[in-house]
>>> print(open('run_31.cif').read())   # mmCIF, C-alpha atoms
data_run
#
loop_
_atom_site.label_atom_id
_atom_site.label_comp_id
_atom_site.auth_asym_id
_atom_site.auth_seq_id
_atom_site.Cartn_x
_atom_site.Cartn_y
_atom_site.Cartn_z
CA MET A 1 44.77 32.92 30.93
CA LYS A 2 42.95 33.48 27.66
CA ILE A 3 44.79 35.74 25.21
CA GLY A 4 43.37 37.28 22.05
CA VAL A 5 45.87 38.26 19.34
CA VAL A 6 44.64 40.72 16.71
CA THR A 7 45.70 40.48 13.07
CA PHE A 8 45.53 43.61 10.90
CA PRO A 9 46.38 43.74 7.19
CA GLY A 10 50.17 44.04 7.30
CA SER A 11 50.69 42.47 10.72
CA ASN A 12 53.67 40.10 10.67
CA CYS A 13 54.29 39.26 14.33
CA GLU A 14 50.94 37.77 15.28
CA GLY A 15 52.36 34.27 14.83
CA ASP A 16 55.13 35.05 17.32
CA ALA A 17 52.58 36.31 19.84
CA VAL A 18 50.37 33.25 19.38
CA ARG A 19 53.32 30.90 19.77
CA ALA A 20 54.62 32.72 22.86
CA GLY A 21 51.28 32.44 24.60
CA THR A 22 50.86 28.82 23.58
CA VAL A 23 54.39 27.76 24.58
CA LEU A 24 53.83 29.31 27.99
CA GLY A 25 50.67 27.27 28.47
CA HIS A 26 47.96 29.83 27.83
CA ASP A 27 44.78 29.61 25.76
CA VAL A 28 45.32 31.78 22.68
CA VAL A 29 42.70 32.81 20.12
CA ARG A 30 43.15 34.80 16.95
CA LEU A 31 41.17 37.99 16.42
CA TRP A 32 40.57 39.59 13.02
CA HIS A 33 40.65 43.32 12.27
CA LYS A 34 37.03 43.21 11.05
CA ASP A 35 35.68 41.53 14.18
CA THR A 36 32.87 43.47 15.82
CA ALA A 37 32.65 41.29 18.94
CA LEU A 38 35.19 39.61 21.20
CA PRO A 39 35.15 35.97 22.30
CA ALA A 40 33.86 35.36 25.80
CA GLY A 41 36.33 35.07 28.63
CA LEU A 42 39.24 37.03 27.21
CA ASP A 43 41.78 38.12 29.83
CA VAL A 44 44.34 39.85 27.61
CA ILE A 45 44.39 41.35 24.13
CA ILE A 46 47.67 41.70 22.23
CA LEU A 47 48.12 44.09 19.30
CA PRO A 48 51.21 42.63 17.59
CA GLY A 49 54.01 44.14 15.57
CA GLY A 50 54.18 44.59 11.83
CA PHE A 51 53.17 47.22 9.32
CA SER A 52 49.40 47.52 9.65
CA TYR A 53 47.87 48.90 6.47
CA GLY A 54 51.38 49.42 5.10
CA ASP A 55 52.05 52.21 7.62
CA TYR A 56 50.23 54.59 5.28
CA LEU A 57 49.54 58.10 6.61
CA ARG A 58 51.26 57.29 9.92
CA THR A 59 52.10 54.08 11.70
CA GLY A 60 48.91 52.80 13.30
CA ALA A 61 46.78 55.66 11.97
CA ILE A 62 44.50 53.48 9.82
CA ALA A 63 44.49 50.41 12.07
CA ARG A 64 43.12 52.62 14.82
CA PHE A 65 39.83 52.73 12.84
CA SER A 66 39.55 48.98 12.25
CA PRO A 67 36.21 47.62 13.56
CA VAL A 68 37.96 45.48 16.17
CA MET A 69 39.48 48.57 17.79
CA ALA A 70 36.08 49.69 19.07
CA GLU A 71 35.97 46.42 20.98
CA VAL A 72 39.58 46.75 22.13
CA ILE A 73 38.84 50.24 23.48
CA ARG A 74 35.70 48.99 25.21
CA PHE A 75 37.66 46.08 26.69
CA ALA A 76 40.42 48.39 27.95
CA ASN A 77 37.98 50.93 29.37
CA GLY A 78 36.36 48.06 31.27
CA GLY A 79 39.65 47.18 32.93
CA GLY A 80 40.82 44.42 30.59
CA TYR A 81 44.53 44.02 29.98
CA VAL A 82 45.76 45.22 26.59
CA MET A 83 49.34 45.02 25.36
CA GLY A 84 50.61 46.68 22.19
CA ILE A 85 53.99 45.52 20.88
CA CYS A 86 55.89 47.65 18.36
CA ASN A 87 53.22 48.50 15.76
CA GLY A 88 50.67 47.64 18.44
CA PHE A 89 52.17 50.37 20.64
CA GLN A 90 51.81 52.80 17.75
CA ILE A 91 48.16 51.80 17.31
CA LEU A 92 47.45 52.32 21.02
CA THR A 93 48.79 55.88 20.90
CA GLU A 94 46.76 56.62 17.76
CA ALA A 95 43.66 55.24 19.49
CA GLY A 96 44.21 57.46 22.52
CA LEU A 97 44.66 54.52 24.88
CA LEU A 98 48.23 55.64 25.59
CA PRO A 99 49.78 59.11 25.61
CA GLY A 100 52.54 60.36 23.34
CA ALA A 101 53.44 59.26 19.83
CA LEU A 102 55.98 57.14 17.94
CA ILE A 103 57.92 58.73 15.09
CA ARG A 104 60.85 57.94 12.80
CA ASN A 105 63.99 56.74 14.54
CA ALA A 106 66.48 59.53 15.18
CA ASN A 107 68.97 57.90 12.79
CA LEU A 108 66.24 57.56 10.13
CA SER A 109 67.13 53.88 9.75
CA PHE A 110 65.41 50.60 10.55
CA VAL A 111 66.93 49.07 13.69
CA CYS A 112 66.92 45.31 14.31
CA LYS A 113 68.97 44.06 17.23
CA ASP A 114 68.90 43.01 20.88
CA VAL A 115 68.68 45.82 23.42
CA PHE A 116 68.76 46.00 27.19
CA LEU A 117 65.79 47.30 29.16
CA ARG A 118 65.60 48.34 32.78
CA VAL A 119 62.39 47.39 34.56
CA GLU A 120 61.21 50.61 36.20
CA LEU A 121 58.02 49.59 38.00
CA PRO A 122 56.16 46.53 39.35
CA THR A 123 53.08 46.85 37.15
CA ALA A 124 50.59 44.22 35.99
CA PHE A 125 52.93 43.65 33.03
CA THR A 126 56.24 43.63 34.95
CA ARG A 127 55.61 42.28 38.46
CA ALA A 128 57.42 39.01 37.71
CA TYR A 129 60.65 40.96 37.26
CA ALA A 130 62.62 42.52 40.11
CA GLN A 131 62.32 46.30 40.00
CA GLY A 132 65.50 47.73 38.53
CA SER A 133 66.49 44.47 36.85
CA VAL A 134 67.86 44.49 33.31
CA VAL A 135 66.45 42.24 30.59
CA ARG A 136 67.50 41.57 27.01
CA ILE A 137 64.76 41.92 24.39
CA PRO A 138 64.98 42.43 20.61
CA VAL A 139 63.76 45.48 18.70
CA ALA A 140 62.84 45.70 15.02
CA HIS A 141 61.40 49.03 13.92
CA GLY A 142 61.91 52.14 11.86
CA GLU A 143 59.46 54.37 13.72
CA GLY A 144 59.96 53.63 17.39
CA ARG A 145 61.06 56.99 18.74
CA PHE A 146 58.74 57.85 21.61
CA ILE A 147 57.92 61.54 21.97
CA ALA A 148 55.50 63.59 24.05
CA SER A 149 54.93 67.24 24.86
CA ALA A 150 56.70 68.57 27.94
CA ASP A 151 53.55 68.53 30.07
CA VAL A 152 52.53 65.03 28.95
CA LEU A 153 56.04 63.73 29.53
CA ALA A 154 56.12 65.25 33.01
CA ARG A 155 52.77 63.62 33.80
CA ILE A 156 53.95 60.22 32.55
CA GLU A 157 57.08 60.43 34.68
CA ASP A 158 55.33 61.82 37.77
CA ASN A 159 52.57 59.21 37.58
CA GLY A 160 55.04 56.35 37.31
CA GLN A 161 53.85 55.26 33.87
CA VAL A 162 57.26 54.44 32.40
CA VAL A 163 57.77 50.69 32.74
CA PHE A 164 60.85 50.07 30.56
CA ARG A 165 63.84 52.23 29.61
CA TYR A 166 66.64 51.52 27.15
CA VAL A 167 69.88 51.03 29.07
CA GLU A 168 73.35 49.56 28.88
CA ALA A 169 73.87 46.00 30.12
CA ASP A 170 74.81 47.39 33.53
CA GLY A 171 71.52 49.28 33.82
CA THR A 172 72.84 52.77 33.16
CA THR A 173 71.25 55.05 30.58
CA SER A 174 73.25 56.37 27.65
CA ASP A 175 72.55 57.68 24.19
CA SER A 176 74.36 54.71 22.68
CA ALA A 177 71.95 52.32 24.40
CA ASN A 178 68.90 54.13 23.02
CA PRO A 179 68.24 52.55 19.59
CA ASN A 180 65.78 55.14 18.30
CA GLY A 181 66.29 58.38 20.23
CA SER A 182 63.20 58.02 22.42
CA VAL A 183 62.80 60.86 24.90
CA ASN A 184 64.01 59.91 28.39
CA HIS A 185 65.10 56.55 26.92
CA ILE A 186 61.48 55.35 27.15
CA ALA A 187 60.87 51.85 25.74
CA GLY A 188 57.45 51.11 27.25
CA ILE A 189 54.66 52.84 29.16
CA VAL A 190 51.32 52.06 30.77
CA ASN A 191 48.15 54.11 30.96
CA GLU A 192 47.14 55.80 34.21
CA ALA A 193 44.89 52.88 35.15
CA GLY A 194 47.77 50.44 34.65
CA ASN A 195 45.88 47.97 32.44
CA VAL A 196 47.16 49.06 29.01
CA MET A 197 50.83 48.80 28.07
CA GLY A 198 52.74 49.66 24.93
CA MET A 199 56.37 48.75 24.27
CA MET A 200 58.53 48.86 21.17
CA PRO A 201 60.75 45.82 21.98
CA HIS A 202 59.38 42.33 21.28
CA PRO A 203 59.10 40.17 24.44
CA GLU A 204 57.15 37.52 22.51
CA ARG A 205 60.31 36.70 20.54
CA TYR A 206 62.28 35.76 23.64
CA VAL A 207 60.23 33.24 25.60
CA GLU A 208 62.21 30.09 24.78
CA ALA A 209 65.75 29.33 25.95
CA THR A 210 66.38 27.50 22.67
CA LEU A 211 66.27 30.93 20.99
CA GLY A 212 69.12 32.10 23.18
CA CYS A 213 67.12 34.11 25.71
CA ALA A 214 63.85 33.80 27.60
CA ASP A 215 63.74 37.25 29.22
CA GLY A 216 60.40 38.00 27.55
CA CYS A 217 58.63 35.36 29.64
CA GLY A 218 58.31 37.80 32.52
CA VAL A 219 55.74 39.93 30.71
CA PHE A 220 53.40 36.97 30.25
CA GLU A 221 54.13 35.65 33.74
CA SER A 222 53.33 39.08 35.17
CA LEU A 223 49.93 39.14 33.49
CA ALA A 224 49.13 35.65 34.76
CA MET A 225 50.15 36.68 38.28
CA SER A 226 48.01 39.81 38.07
CA LEU A 227 44.97 37.84 36.96
CA GLU A 228 45.50 35.30 39.75
CA ALA A 229 45.69 38.15 42.26
CA ILE A 230 42.38 39.52 41.00
CA ALA A 231 40.76 36.09 41.14
CA SER A 232 41.87 35.54 44.72
#
>>> encode(input="run_31.cif", output="structure tokens")
Amino acid sequence: MKIGVVTFPGSNCEGDAVRAGTVLGHDVVRLWHKDTALPAGLDVIILPGGFSYGDYLRTGAIARFSPVMAEVIRFANGGGYVMGICNGFQILTEAGLLPGALIRNANLSFVCKDVFLRVELPTAFTRAYAQGSVVRIPVAHGEGRFIASADVLARIEDNGQVVFRYVEADGTTSDSANPNGSVNHIAGIVNEAGNVMGMMPHPERYVEATLGCADGCGVFESLAMSLEAIAS
């Protein structure tokens, strides 16, 4: 598949995303925040982690108005797959492509460690994992606490839009397993159409066994499987 990785001023994880896609055998192209057109044949767009525009105003609030985002929104509205990781998740909520918002961690501290996630649903981004399986993925953020109003949260849950939850290694939820205080232990969600996903953990950092874990491969494998299913 052909993956486009966007770089904003302040992005610092685009290299990880490019390497992950390349290591897994995909065609990866870099996209710039000032781009006003997308390369032909893109299958997936990744908004990577980092601190776009220095996180001024709010995380993702300025990046949402970058010229490339008009194209990302058009791409998503046309059914293209879009994945926002960490700061990318924040940008997607600011752009209105995903519901809810990301705010300061409950402990008001930057968190950088491995966490366990339970795979909730077989979506285009998770179908390579067994539903209910637990994966280990790293987090690195200071503003990753997912929140939503009561009615929005109910709609997300009722529609089956929660794809990852923070859990213990045995798959059970607990406050101690939730690194940022996200409501309902939510670590990742999809839009109602199922083609846009945001997650705070970094799957692109765990795609090589030499790094100690390759649990992040499933996200990329899932997208490839979904595209193959469409093609067939």
>>> closest_atom_pairs(input="run_31.cif", of="range 105-156 of chain A", to="range 170-189 of chain A", cutoff="6 Å", atoms="only C-alpha atoms", output="tab-separated table")
residue	atom	partner	partner_atom	distance
A:Asn105	CA	A:Asn180	CA	4.5
A:Ala106	CA	A:Gly181	CA	5.2
A:Arg145	CA	A:Ser182	CA	4.4
A:Phe146	CA	A:Ser182	CA	4.5
A:Ile147	CA	A:Val183	CA	5.7
>>> residues_around(input="run_31.cif", residues="Phe8 in chain A", least_positions_apart="3", cutoff="7 Å", atoms="all atoms listed in the file", output="ChimeraX atom specification")
/A:11,32-33,52,63
>>> write_last_selection(input="run_31.cif", atoms="C-alpha atoms", output="PDB file, in the frame of the given file")
ATOM      1  CA  SER A  11      50.690  42.470  10.720  1.00  0.00           C
ATOM      2  CA  TRP A  32      40.570  39.590  13.020  1.00  0.00           C
ATOM      3  CA  HIS A  33      40.650  43.320  12.270  1.00  0.00           C
ATOM      4  CA  SER A  52      49.400  47.520   9.650  1.00  0.00           C
ATOM      5  CA  ALA A  63      44.490  50.410  12.070  1.00  0.00           C
TER       6      ALA A  63
END
>>> residues_near_point(input="run_31.cif", point="(63.7, 43.3, 28.1)", cutoff="12 Å", atoms="all atoms listed in the file", output="number ranges by chain")
A: 114-120, 125-126, 129, 132-139, 163-169, 171, 187-188, 199-207, 213-219
>>> residues_around(input="run_31.cif", residues="Gly41 in chain A", least_positions_apart="4", cutoff="12 Å", atoms="only C-alpha atoms", output="NGL selection string")
:A and (1-4 or 27-29 or 45 or 75 or 80)
>>> closest_residue(input="run_31.cif", among="A:Ala101, A:Ala130, A:Ala76, A:Met225", to="Thr59 in chain A", atoms="all atoms listed in the file")
A:Ala101
>>> closest_residue(input="run_31.cif", among="A:Asp55, A:Asp158, A:Glu221, A:Asp151", to="Gly100 in chain A", atoms="all atoms listed in the file")
A:Asp151
>>> atom_distance(input="run_31.cif", atom1="CA of Arg64 in chain A", atom2="CA of Asn159 in chain A")
25.5 Å
>>> resolve_selection(input="run_31.cif", expression="the PyMOL selection byres ((chain A and resi 69) around 12)", output="PyMOL selection string")
chain A and resi 6-8+31-38+45-47+60-68+70-77+82+88+91-92+94-97
>>> write_last_selection(input="run_31.cif", atoms="C-alpha atoms", output="PDB file, in the coordinates of the input")
ATOM      1  CA  VAL A   6      44.640  40.720  16.710  1.00  0.00           C
ATOM      2  CA  THR A   7      45.700  40.480  13.070  1.00  0.00           C
ATOM      3  CA  PHE A   8      45.530  43.610  10.900  1.00  0.00           C
ATOM      4  CA  LEU A  31      41.170  37.990  16.420  1.00  0.00           C
ATOM      5  CA  TRP A  32      40.570  39.590  13.020  1.00  0.00           C
ATOM      6  CA  HIS A  33      40.650  43.320  12.270  1.00  0.00           C
ATOM      7  CA  LYS A  34      37.030  43.210  11.050  1.00  0.00           C
ATOM      8  CA  ASP A  35      35.680  41.530  14.180  1.00  0.00           C
ATOM      9  CA  THR A  36      32.870  43.470  15.820  1.00  0.00           C
ATOM     10  CA  ALA A  37      32.650  41.290  18.940  1.00  0.00           C
ATOM     11  CA  LEU A  38      35.190  39.610  21.200  1.00  0.00           C
ATOM     12  CA  ILE A  45      44.390  41.350  24.130  1.00  0.00           C
ATOM     13  CA  ILE A  46      47.670  41.700  22.230  1.00  0.00           C
ATOM     14  CA  LEU A  47      48.120  44.090  19.300  1.00  0.00           C
ATOM     15  CA  GLY A  60      48.910  52.800  13.300  1.00  0.00           C
ATOM     16  CA  ALA A  61      46.780  55.660  11.970  1.00  0.00           C
ATOM     17  CA  ILE A  62      44.500  53.480   9.820  1.00  0.00           C
ATOM     18  CA  ALA A  63      44.490  50.410  12.070  1.00  0.00           C
ATOM     19  CA  ARG A  64      43.120  52.620  14.820  1.00  0.00           C
ATOM     20  CA  PHE A  65      39.830  52.730  12.840  1.00  0.00           C
ATOM     21  CA  SER A  66      39.550  48.980  12.250  1.00  0.00           C
ATOM     22  CA  PRO A  67      36.210  47.620  13.560  1.00  0.00           C
ATOM     23  CA  VAL A  68      37.960  45.480  16.170  1.00  0.00           C
ATOM     24  CA  ALA A  70      36.080  49.690  19.070  1.00  0.00           C
ATOM     25  CA  GLU A  71      35.970  46.420  20.980  1.00  0.00           C
ATOM     26  CA  VAL A  72      39.580  46.750  22.130  1.00  0.00           C
ATOM     27  CA  ILE A  73      38.840  50.240  23.480  1.00  0.00           C
ATOM     28  CA  ARG A  74      35.700  48.990  25.210  1.00  0.00           C
ATOM     29  CA  PHE A  75      37.660  46.080  26.690  1.00  0.00           C
ATOM     30  CA  ALA A  76      40.420  48.390  27.950  1.00  0.00           C
ATOM     31  CA  ASN A  77      37.980  50.930  29.370  1.00  0.00           C
ATOM     32  CA  VAL A  82      45.760  45.220  26.590  1.00  0.00           C
ATOM     33  CA  GLY A  88      50.670  47.640  18.440  1.00  0.00           C
ATOM     34  CA  ILE A  91      48.160  51.800  17.310  1.00  0.00           C
ATOM     35  CA  LEU A  92      47.450  52.320  21.020  1.00  0.00           C
ATOM     36  CA  GLU A  94      46.760  56.620  17.760  1.00  0.00           C
ATOM     37  CA  ALA A  95      43.660  55.240  19.490  1.00  0.00           C
ATOM     38  CA  GLY A  96      44.210  57.460  22.520  1.00  0.00           C
ATOM     39  CA  LEU A  97      44.660  54.520  24.880  1.00  0.00           C
TER      40      LEU A  97
END
>>> resolve_selection(input="run_31.cif", expression="the PyMOL selection byres ((chain A and resi 12) around 7)", output="list in words")
Gly10, Ser11, Cys13, Glu14, Gly49 and Gly50 of chain A
>>> closest_residue(input="run_31.cif", among="A:Val18, A:Leu57, A:Ala209, A:Val44", to="Ile103 in chain A", atoms="only C-alpha atoms")
A:Leu57
>>> closest_residue(input="run_31.cif", among="A:Asn191, A:Gly144, A:Leu153, A:Asp43", to="Asn107 in chain A", atoms="all atoms listed in the file")
A:Gly144
>>> atom_distance(input="run_31.cif", atom1="CA of Ile156 in chain A", atom2="CA of Pro99 in chain A")
8.2 Å
>>> closest_residue(input="run_31.cif", among="A:Leu223, A:Val5, A:Cys112, A:Ile230", to="Val196 in chain A", atoms="only C-alpha atoms")
A:Leu223
>>> atom_distance(input="run_31.cif", atom1="CA of Ser222 in chain A", atom2="CA of Arg19 in chain A")
17.4 Å
>>> closest_residue(input="run_31.cif", among="A:Arg127, A:Val111, A:Asp16, A:Gly79", to="Glu192 in chain A", atoms="all atoms listed in the file")
A:Gly79
